[in-house]
$ cat target-v8.cif   # mmCIF, C-alpha atoms
data_my_file
#
loop_
_atom_site.group_PDB
_atom_site.id
_atom_site.type_symbol
_atom_site.label_atom_id
_atom_site.label_comp_id
_atom_site.auth_asym_id
_atom_site.auth_seq_id
_atom_site.Cartn_x
_atom_site.Cartn_y
_atom_site.Cartn_z
ATOM 1 C CA MET A 1 -7.615 20.623 26.403
ATOM 2 C CA SER A 2 -7.787 18.051 23.605
ATOM 3 C CA ASP A 3 -5.656 18.006 20.473
ATOM 4 C CA PRO A 4 -6.909 20.174 17.620
ATOM 5 C CA ILE A 5 -8.532 18.276 14.765
ATOM 6 C CA ASP A 6 -7.487 18.947 11.179
ATOM 7 C CA ARG A 7 -9.811 18.978 8.173
ATOM 8 C CA THR A 8 -9.592 15.185 7.783
ATOM 9 C CA GLY A 9 -11.162 14.706 11.207
ATOM 10 C CA PHE A 10 -7.943 13.269 12.659
ATOM 11 C CA ALA A 11 -5.613 14.787 15.204
ATOM 12 C CA PRO A 12 -2.779 16.515 13.326
ATOM 13 C CA LYS A 13 0.143 14.186 12.646
ATOM 14 C CA PHE A 14 -1.510 11.367 14.606
ATOM 15 C CA TRP A 15 0.994 8.969 12.993
ATOM 16 C CA GLU A 16 3.777 10.744 14.890
ATOM 17 C CA THR A 17 2.106 10.503 18.291
ATOM 18 C CA LYS A 18 0.502 7.061 18.122
ATOM 19 C CA SER A 19 1.997 3.675 17.508
ATOM 20 C CA LEU A 20 0.394 1.586 14.782
ATOM 21 C CA ASP A 21 -1.420 -0.528 17.348
ATOM 22 C CA GLN A 22 -2.835 2.567 19.088
ATOM 23 C CA MET A 23 -4.531 3.869 15.951
ATOM 24 C CA SER A 24 -8.249 3.682 15.381
ATOM 25 C CA GLU A 25 -9.450 1.731 12.362
ATOM 26 C CA ALA A 26 -10.084 5.015 10.523
ATOM 27 C CA GLU A 27 -6.569 6.285 11.283
ATOM 28 C CA TRP A 28 -5.079 2.948 10.179
ATOM 29 C CA GLU A 29 -6.980 3.089 6.881
ATOM 30 C CA ALA A 30 -5.937 6.730 6.367
ATOM 31 C CA LEU A 31 -2.295 5.639 6.327
ATOM 32 C CA CYS A 32 -2.807 3.960 2.969
ATOM 33 C CA ASP A 33 -1.294 6.292 0.381
ATOM 34 C CA GLY A 34 -3.248 4.790 -2.530
ATOM 35 C CA CYS A 35 -0.196 3.712 -4.531
ATOM 36 C CA GLY A 36 -1.715 0.332 -5.459
ATOM 37 C CA LYS A 37 1.555 -1.579 -4.957
ATOM 38 C CA CYS A 38 0.150 -3.900 -2.312
ATOM 39 C CA CYS A 39 -2.267 -5.158 -4.981
ATOM 40 C CA LEU A 40 0.523 -6.128 -7.347
ATOM 41 C CA ASN A 41 1.429 -9.752 -7.705
ATOM 42 C CA LYS A 42 4.854 -10.497 -6.336
ATOM 43 C CA LEU A 43 7.489 -13.094 -7.094
ATOM 44 C CA GLU A 44 9.590 -14.578 -4.311
ATOM 45 C CA ASP A 45 12.968 -16.157 -4.982
ATOM 46 C CA GLU A 46 12.853 -19.553 -3.265
ATOM 47 C CA ASP A 47 16.581 -19.490 -2.467
ATOM 48 C CA SER A 48 17.141 -15.914 -1.296
ATOM 49 C CA GLY A 49 13.617 -15.039 -0.132
ATOM 50 C CA GLU A 50 13.902 -11.786 -2.094
ATOM 51 C CA VAL A 51 10.554 -10.431 -3.251
ATOM 52 C CA ALA A 52 10.104 -8.648 -6.580
ATOM 53 C CA LEU A 53 7.101 -6.534 -7.503
ATOM 54 C CA THR A 54 5.507 -7.086 -10.866
ATOM 55 C CA ARG A 55 3.172 -4.758 -12.694
ATOM 56 C CA VAL A 56 0.710 -7.652 -12.857
ATOM 57 C CA ALA A 57 -2.183 -6.444 -10.719
ATOM 58 C CA CYS A 58 -4.834 -8.235 -8.759
ATOM 59 C CA ARG A 59 -8.049 -8.572 -10.707
ATOM 60 C CA LEU A 60 -9.721 -6.107 -8.318
ATOM 61 C CA LEU A 61 -7.248 -3.240 -8.642
ATOM 62 C CA ASP A 62 -8.697 -0.225 -10.419
ATOM 63 C CA ASP A 63 -5.707 0.958 -12.466
ATOM 64 C CA ALA A 64 -7.069 4.509 -12.701
ATOM 65 C CA THR A 65 -7.590 5.061 -8.958
ATOM 66 C CA CYS A 66 -5.038 2.568 -7.577
ATOM 67 C CA ARG A 67 -7.699 1.345 -5.178
ATOM 68 C CA CYS A 68 -9.450 -1.973 -4.777
ATOM 69 C CA ALA A 69 -12.689 -1.906 -6.744
ATOM 70 C CA GLN A 70 -14.345 -4.198 -4.176
ATOM 71 C CA TYR A 71 -12.431 -3.393 -0.980
ATOM 72 C CA GLU A 72 -15.179 -4.172 1.520
ATOM 73 C CA ILE A 73 -16.048 -7.531 -0.078
ATOM 74 C CA ARG A 74 -12.691 -8.390 -1.672
ATOM 75 C CA HIS A 75 -12.429 -11.739 0.116
ATOM 76 C CA GLN A 76 -15.431 -12.980 -1.823
ATOM 77 C CA PHE A 77 -13.322 -12.651 -4.972
ATOM 78 C CA VAL A 78 -9.778 -13.041 -3.627
ATOM 79 C CA PRO A 79 -9.988 -15.233 -0.514
ATOM 80 C CA ASP A 80 -6.260 -15.005 0.206
ATOM 81 C CA CYS A 81 -6.103 -11.193 0.083
ATOM 82 C CA ILE A 82 -4.194 -10.165 3.192
ATOM 83 C CA VAL A 83 -5.827 -7.927 5.752
ATOM 84 C CA LEU A 84 -2.890 -5.959 7.088
ATOM 85 C CA LYS A 85 -3.195 -5.123 10.793
ATOM 86 C CA PRO A 86 -0.825 -4.030 13.544
ATOM 87 C CA SER A 87 -0.890 -7.583 14.874
ATOM 88 C CA ASN A 88 0.371 -9.139 11.616
ATOM 89 C CA ILE A 89 2.522 -6.408 10.079
ATOM 90 C CA GLU A 90 5.766 -8.010 11.234
ATOM 91 C CA SER A 91 5.087 -11.185 9.276
ATOM 92 C CA HIS A 92 4.203 -9.248 6.109
ATOM 93 C CA LEU A 93 7.044 -6.709 5.992
ATOM 94 C CA TYR A 94 9.056 -8.789 3.534
ATOM 95 C CA TRP A 95 6.591 -8.247 0.680
ATOM 96 C CA MET A 96 5.385 -4.744 1.493
ATOM 97 C CA PRO A 97 6.536 -1.978 -0.849
ATOM 98 C CA GLN A 98 9.491 0.071 0.425
ATOM 99 C CA THR A 99 7.406 3.257 0.226
ATOM 100 C CA CYS A 100 4.361 1.849 2.060
ATOM 101 C CA ALA A 101 3.351 4.044 5.012
ATOM 102 C CA TYR A 102 2.666 1.018 7.191
ATOM 103 C CA ARG A 103 6.178 -0.270 6.574
ATOM 104 C CA VAL A 104 7.791 3.173 6.843
ATOM 105 C CA LEU A 105 6.173 3.893 10.194
ATOM 106 C CA HIS A 106 6.815 0.394 11.529
ATOM 107 C CA GLU A 107 10.499 0.899 10.692
ATOM 108 C CA GLY A 108 10.543 4.252 12.508
ATOM 109 C CA ARG A 109 10.786 6.429 9.415
ATOM 110 C CA GLY A 110 8.586 9.416 8.585
ATOM 111 C CA LEU A 111 6.006 9.792 5.853
ATOM 112 C CA ALA A 112 7.192 11.167 2.525
ATOM 113 C CA ASP A 113 6.228 14.656 1.357
ATOM 114 C CA TRP A 114 3.991 13.122 -1.339
ATOM 115 C CA HIS A 115 1.934 11.123 1.185
ATOM 116 C CA PRO A 116 -1.684 12.410 1.184
ATOM 117 C CA LEU A 117 -1.620 12.941 4.973
ATOM 118 C CA ILE A 118 1.311 15.328 4.488
ATOM 119 C CA SER A 119 0.308 16.984 1.212
ATOM 120 C CA GLY A 120 -3.422 17.150 1.876
ATOM 121 C CA THR A 121 -4.328 15.610 -1.476
ATOM 122 C CA ALA A 122 -4.455 12.075 -2.851
ATOM 123 C CA GLU A 123 -2.991 13.250 -6.157
ATOM 124 C CA THR A 124 0.546 13.789 -4.870
ATOM 125 C CA VAL A 125 1.301 10.053 -4.715
ATOM 126 C CA HIS A 126 0.524 9.897 -8.440
ATOM 127 C CA ALA A 127 2.329 13.137 -9.320
ATOM 128 C CA ALA A 128 5.449 11.878 -7.510
ATOM 129 C CA GLY A 129 5.447 8.774 -9.706
ATOM 130 C CA VAL A 130 5.135 6.466 -6.711
ATOM 131 C CA SER A 131 1.765 5.001 -7.618
ATOM 132 C CA MET A 132 0.941 2.369 -10.182
ATOM 133 C CA ARG A 133 -1.682 4.521 -11.905
ATOM 134 C CA SER A 134 -2.004 3.474 -15.549
ATOM 135 C CA ARG A 135 1.066 1.207 -15.232
ATOM 136 C CA THR A 136 -0.435 -2.211 -14.513
ATOM 137 C CA VAL A 137 -1.665 -5.187 -16.465
ATOM 138 C CA SER A 138 -4.416 -7.439 -15.191
ATOM 139 C CA GLU A 139 -3.529 -10.881 -13.905
ATOM 140 C CA PHE A 140 -6.100 -12.149 -16.413
ATOM 141 C CA GLU A 141 -3.919 -10.849 -19.274
ATOM 142 C CA VAL A 142 -0.603 -12.421 -18.259
ATOM 143 C CA ALA A 143 0.129 -16.114 -17.740
ATOM 144 C CA ASP A 144 1.729 -16.903 -14.381
ATOM 145 C CA GLU A 145 4.890 -18.158 -16.058
ATOM 146 C CA ASP A 146 5.302 -14.759 -17.772
ATOM 147 C CA TRP A 147 5.150 -12.623 -14.611
ATOM 148 C CA GLU A 148 8.955 -12.419 -14.559
ATOM 149 C CA ASP A 149 8.724 -10.343 -17.733
ATOM 150 C CA HIS A 150 6.805 -7.715 -15.748
ATOM 151 C CA ILE A 151 9.109 -7.180 -12.753
ATOM 152 C CA ILE A 152 9.418 -3.510 -11.841
ATOM 153 C CA GLU A 153 12.023 -1.572 -9.893
ATOM 154 C CA GLU A 154 10.808 0.170 -6.827
ATOM 155 C CA PRO A 155 12.015 3.499 -5.465
ATOM 156 C CA THR A 156 13.564 3.256 -2.006
#
$ encode --input "target-v8.cif" --output "structure tokens"
Amino acid sequence: MSDPIDRTGFAPKFWETKSLDQMSEAEWEALCDGCGKCCLNKLEDEDSGEVALTRVACRLLDDATCRCAQYEIRHQFVPDCIVLKPSNIESHLYWMPQTCAYRVLHEGRGLADWHPLISGTAETVHAAGVSMRSRTVSEFEVADEDWEDHIIEEPT
């Protein structure tokens, strides 16, 4: 007998039974909580390697939805946009948000109650105050040398 399928079309709690590299592309994409933090420009301290998030968003981030406005063709506009995959997650952990499901699962932690796969709705990430909805400024509006003025604290 196969696993029951929930209303999303995925096996219930697939993230608890599969490793990141065992997930289908659709399951991998479903892990994204829609917080928008991966689309924020970051600052890295050259001496310590510490990475700080800024509220300065990629030109393609839709501030209202916290999603990329051109996800499928984003590399046409932002050639260096990272495509996160199980095979490269290790090398990108240092800049990933602390609350990111990919990071959380890679580190052996569970998804938060506000994660859409747990709550059943995409709105909980916003209601929990984890997302960047209506809290960003476009990279076109802020000079690179002023990004430090827009560093944000991140919940752990």
$ resolve_selection --input "target-v8.cif" --expression "the PyMOL selection byres ((chain A and resi 87-98) around 10)" --output "PDB file with C-alpha atoms, in the coordinates of the input"
ATOM      1  CA  LEU A  20       0.394   1.586  14.782  1.00  0.00           C
ATOM      2  CA  ASP A  21      -1.420  -0.528  17.348  1.00  0.00           C
ATOM      3  CA  CYS A  35      -0.196   3.712  -4.531  1.00  0.00           C
ATOM      4  CA  GLY A  36      -1.715   0.332  -5.459  1.00  0.00           C
ATOM      5  CA  LYS A  37       1.555  -1.579  -4.957  1.00  0.00           C
ATOM      6  CA  CYS A  38       0.150  -3.900  -2.312  1.00  0.00           C
ATOM      7  CA  LEU A  40       0.523  -6.128  -7.347  1.00  0.00           C
ATOM      8  CA  ASN A  41       1.429  -9.752  -7.705  1.00  0.00           C
ATOM      9  CA  LYS A  42       4.854 -10.497  -6.336  1.00  0.00           C
ATOM     10  CA  LEU A  43       7.489 -13.094  -7.094  1.00  0.00           C
ATOM     11  CA  GLU A  44       9.590 -14.578  -4.311  1.00  0.00           C
ATOM     12  CA  GLY A  49      13.617 -15.039  -0.132  1.00  0.00           C
ATOM     13  CA  GLU A  50      13.902 -11.786  -2.094  1.00  0.00           C
ATOM     14  CA  VAL A  51      10.554 -10.431  -3.251  1.00  0.00           C
ATOM     15  CA  ALA A  52      10.104  -8.648  -6.580  1.00  0.00           C
ATOM     16  CA  LEU A  53       7.101  -6.534  -7.503  1.00  0.00           C
ATOM     17  CA  ILE A  82      -4.194 -10.165   3.192  1.00  0.00           C
ATOM     18  CA  VAL A  83      -5.827  -7.927   5.752  1.00  0.00           C
ATOM     19  CA  LEU A  84      -2.890  -5.959   7.088  1.00  0.00           C
ATOM     20  CA  LYS A  85      -3.195  -5.123  10.793  1.00  0.00           C
ATOM     21  CA  PRO A  86      -0.825  -4.030  13.544  1.00  0.00           C
ATOM     22  CA  THR A  99       7.406   3.257   0.226  1.00  0.00           C
ATOM     23  CA  CYS A 100       4.361   1.849   2.060  1.00  0.00           C
ATOM     24  CA  ALA A 101       3.351   4.044   5.012  1.00  0.00           C
ATOM     25  CA  TYR A 102       2.666   1.018   7.191  1.00  0.00           C
ATOM     26  CA  ARG A 103       6.178  -0.270   6.574  1.00  0.00           C
ATOM     27  CA  VAL A 104       7.791   3.173   6.843  1.00  0.00           C
ATOM     28  CA  HIS A 106       6.815   0.394  11.529  1.00  0.00           C
ATOM     29  CA  GLU A 107      10.499   0.899  10.692  1.00  0.00           C
ATOM     30  CA  GLU A 154      10.808   0.170  -6.827  1.00  0.00           C
ATOM     31  CA  PRO A 155      12.015   3.499  -5.465  1.00  0.00           C
ATOM     32  CA  THR A 156      13.564   3.256  -2.006  1.00  0.00           C
TER      33      THR A 156
END
$ residues_around --input "target-v8.cif" --residues "Val137 of chain A" --least-positions-apart "4" --cutoff "12 Å" --atoms "only C-alpha atoms" --output "list in words"
Cys39, Leu40, Asn41, Thr54, Arg55, Val56, Ala57, Cys58, Arg59, Leu60, Leu61, Asp62, Asp63, Ala64, Met132, Arg133, Glu141, Val142, Ala143, Asp146, Trp147, Asp149, His150 and Ile151 of chain A
$ closest_residue --input "target-v8.cif" --among "A:Asp33, A:Glu148, A:Glu16, A:Asp47" --to "Gly110 of chain A" --atoms "only C-alpha atoms"
A:Glu16
$ atom_distance --input "target-v8.cif" --atom1 "atom CA of Lys13 of chain A" --atom2 "atom CA of Thr65 of chain A"
24.7 Å
$ atom_distance --input "target-v8.cif" --atom1 "atom CA of Val130 of chain A" --atom2 "atom CA of Arg67 of chain A"
13.9 Å
$ atom_distance --input "target-v8.cif" --atom1 "atom CA of Phe10 of chain A" --atom2 "atom CA of His75 of chain A"
28.3 Å
$ closest_residue --input "target-v8.cif" --among "A:Glu145, A:Phe140, A:Leu31, A:Val78" --to "His115 of chain A" --atoms "all atoms listed in the file"
A:Leu31
$ decode --input "target-v8.cif" --residues "segment 18-57 of chain A" --atoms "N, CA and C atoms" --output "short mmCIF file (atom, residue, chain, number, x, y, z; two decimals), in the first residue's frame"
data_model
loop_
_atom_site.label_atom_id
_atom_site.label_comp_id
_atom_site.auth_asym_id
_atom_site.auth_seq_id
_atom_site.Cartn_x
_atom_site.Cartn_y
_atom_site.Cartn_z
N LYS A 18 12.06 11.90 3.60
CA LYS A 18 13.01 11.95 2.49
C LYS A 18 14.14 12.92 2.82
N SER A 19 15.32 12.58 2.36
CA SER A 19 16.41 13.53 2.47
C SER A 19 16.22 14.57 1.36
N LEU A 20 16.92 15.68 1.47
CA LEU A 20 16.79 16.72 0.46
C LEU A 20 17.12 16.20 -0.94
N ASP A 21 18.11 15.34 -1.04
CA ASP A 21 18.48 14.85 -2.36
C ASP A 21 17.57 13.74 -2.88
N GLN A 22 16.65 13.26 -2.08
CA GLN A 22 15.67 12.27 -2.52
C GLN A 22 14.37 12.91 -3.01
N MET A 23 14.23 14.20 -2.79
CA MET A 23 12.97 14.88 -3.14
C MET A 23 12.86 15.11 -4.63
N SER A 24 11.62 15.06 -5.10
CA SER A 24 11.35 15.42 -6.49
C SER A 24 11.53 16.93 -6.62
N GLU A 25 11.58 17.41 -7.83
CA GLU A 25 11.70 18.86 -8.05
C GLU A 25 10.52 19.60 -7.44
N ALA A 26 9.32 19.03 -7.58
CA ALA A 26 8.12 19.66 -7.02
C ALA A 26 8.18 19.70 -5.49
N GLU A 27 8.64 18.63 -4.87
CA GLU A 27 8.77 18.62 -3.41
C GLU A 27 9.81 19.64 -2.97
N TRP A 28 10.93 19.69 -3.68
CA TRP A 28 12.00 20.66 -3.36
C TRP A 28 11.44 22.09 -3.42
N GLU A 29 10.73 22.41 -4.48
CA GLU A 29 10.17 23.75 -4.63
C GLU A 29 9.14 24.05 -3.55
N ALA A 30 8.39 23.03 -3.12
CA ALA A 30 7.36 23.21 -2.09
C ALA A 30 7.96 23.56 -0.74
N LEU A 31 9.24 23.27 -0.54
CA LEU A 31 9.89 23.61 0.72
C LEU A 31 10.03 25.12 0.90
N CYS A 32 10.08 25.85 -0.17
CA CYS A 32 10.21 27.31 -0.07
C CYS A 32 9.01 27.85 0.69
N ASP A 33 9.29 28.60 1.76
CA ASP A 33 8.19 29.13 2.58
C ASP A 33 7.65 30.47 2.07
N GLY A 34 8.33 31.07 1.07
CA GLY A 34 7.85 32.33 0.51
C GLY A 34 8.16 33.53 1.38
N CYS A 35 9.24 33.47 2.16
CA CYS A 35 9.59 34.60 3.03
C CYS A 35 10.25 35.74 2.26
N GLY A 36 10.91 35.42 1.14
CA GLY A 36 11.58 36.44 0.34
C GLY A 36 12.99 36.78 0.79
N LYS A 37 13.47 36.19 1.88
CA LYS A 37 14.79 36.55 2.41
C LYS A 37 15.94 36.14 1.50
N CYS A 38 15.77 35.08 0.74
CA CYS A 38 16.86 34.67 -0.14
C CYS A 38 17.07 35.70 -1.25
N CYS A 39 16.09 36.53 -1.50
CA CYS A 39 16.18 37.55 -2.54
C CYS A 39 16.66 38.89 -2.01
N LEU A 40 17.06 38.92 -0.75
CA LEU A 40 17.61 40.14 -0.17
C LEU A 40 19.09 40.19 -0.47
N ASN A 41 19.59 41.38 -0.68
CA ASN A 41 21.02 41.53 -0.85
C ASN A 41 21.67 41.41 0.52
N LYS A 42 22.82 40.76 0.52
CA LYS A 42 23.53 40.49 1.75
C LYS A 42 24.88 41.18 1.75
N LEU A 43 25.38 41.43 2.94
CA LEU A 43 26.71 42.00 3.11
C LEU A 43 27.55 40.98 3.87
N GLU A 44 28.75 40.73 3.38
CA GLU A 44 29.64 39.79 4.05
C GLU A 44 30.86 40.53 4.58
N ASP A 45 31.13 40.35 5.88
CA ASP A 45 32.30 40.94 6.49
C ASP A 45 33.53 40.18 5.98
N GLU A 46 34.45 40.90 5.36
CA GLU A 46 35.63 40.27 4.75
C GLU A 46 36.51 39.59 5.79
N ASP A 47 36.54 40.11 7.01
CA ASP A 47 37.42 39.54 8.04
C ASP A 47 36.79 38.33 8.73
N SER A 48 35.54 38.47 9.16
CA SER A 48 34.90 37.40 9.92
C SER A 48 34.13 36.41 9.06
N GLY A 49 33.74 36.83 7.84
CA GLY A 49 32.91 35.98 6.99
C GLY A 49 31.44 36.02 7.38
N GLU A 50 31.11 36.80 8.41
CA GLU A 50 29.72 36.92 8.85
C GLU A 50 28.90 37.60 7.77
N VAL A 51 27.68 37.07 7.57
CA VAL A 51 26.79 37.60 6.55
C VAL A 51 25.60 38.29 7.22
N ALA A 52 25.31 39.50 6.77
CA ALA A 52 24.18 40.26 7.28
C ALA A 52 23.15 40.43 6.17
N LEU A 53 21.89 40.25 6.53
CA LEU A 53 20.80 40.50 5.58
C LEU A 53 20.50 41.99 5.57
N THR A 54 20.18 42.48 4.40
CA THR A 54 19.68 43.85 4.30
C THR A 54 18.25 43.79 3.81
N ARG A 55 17.53 44.86 3.94
CA ARG A 55 16.18 44.90 3.40
C ARG A 55 16.18 45.38 1.96
N VAL A 56 17.37 45.48 1.39
CA VAL A 56 17.54 45.85 -0.02
C VAL A 56 17.31 44.61 -0.87
N ALA A 57 16.22 44.61 -1.62
CA ALA A 57 15.80 43.42 -2.35
C ALA A 57 16.26 43.41 -3.80
#
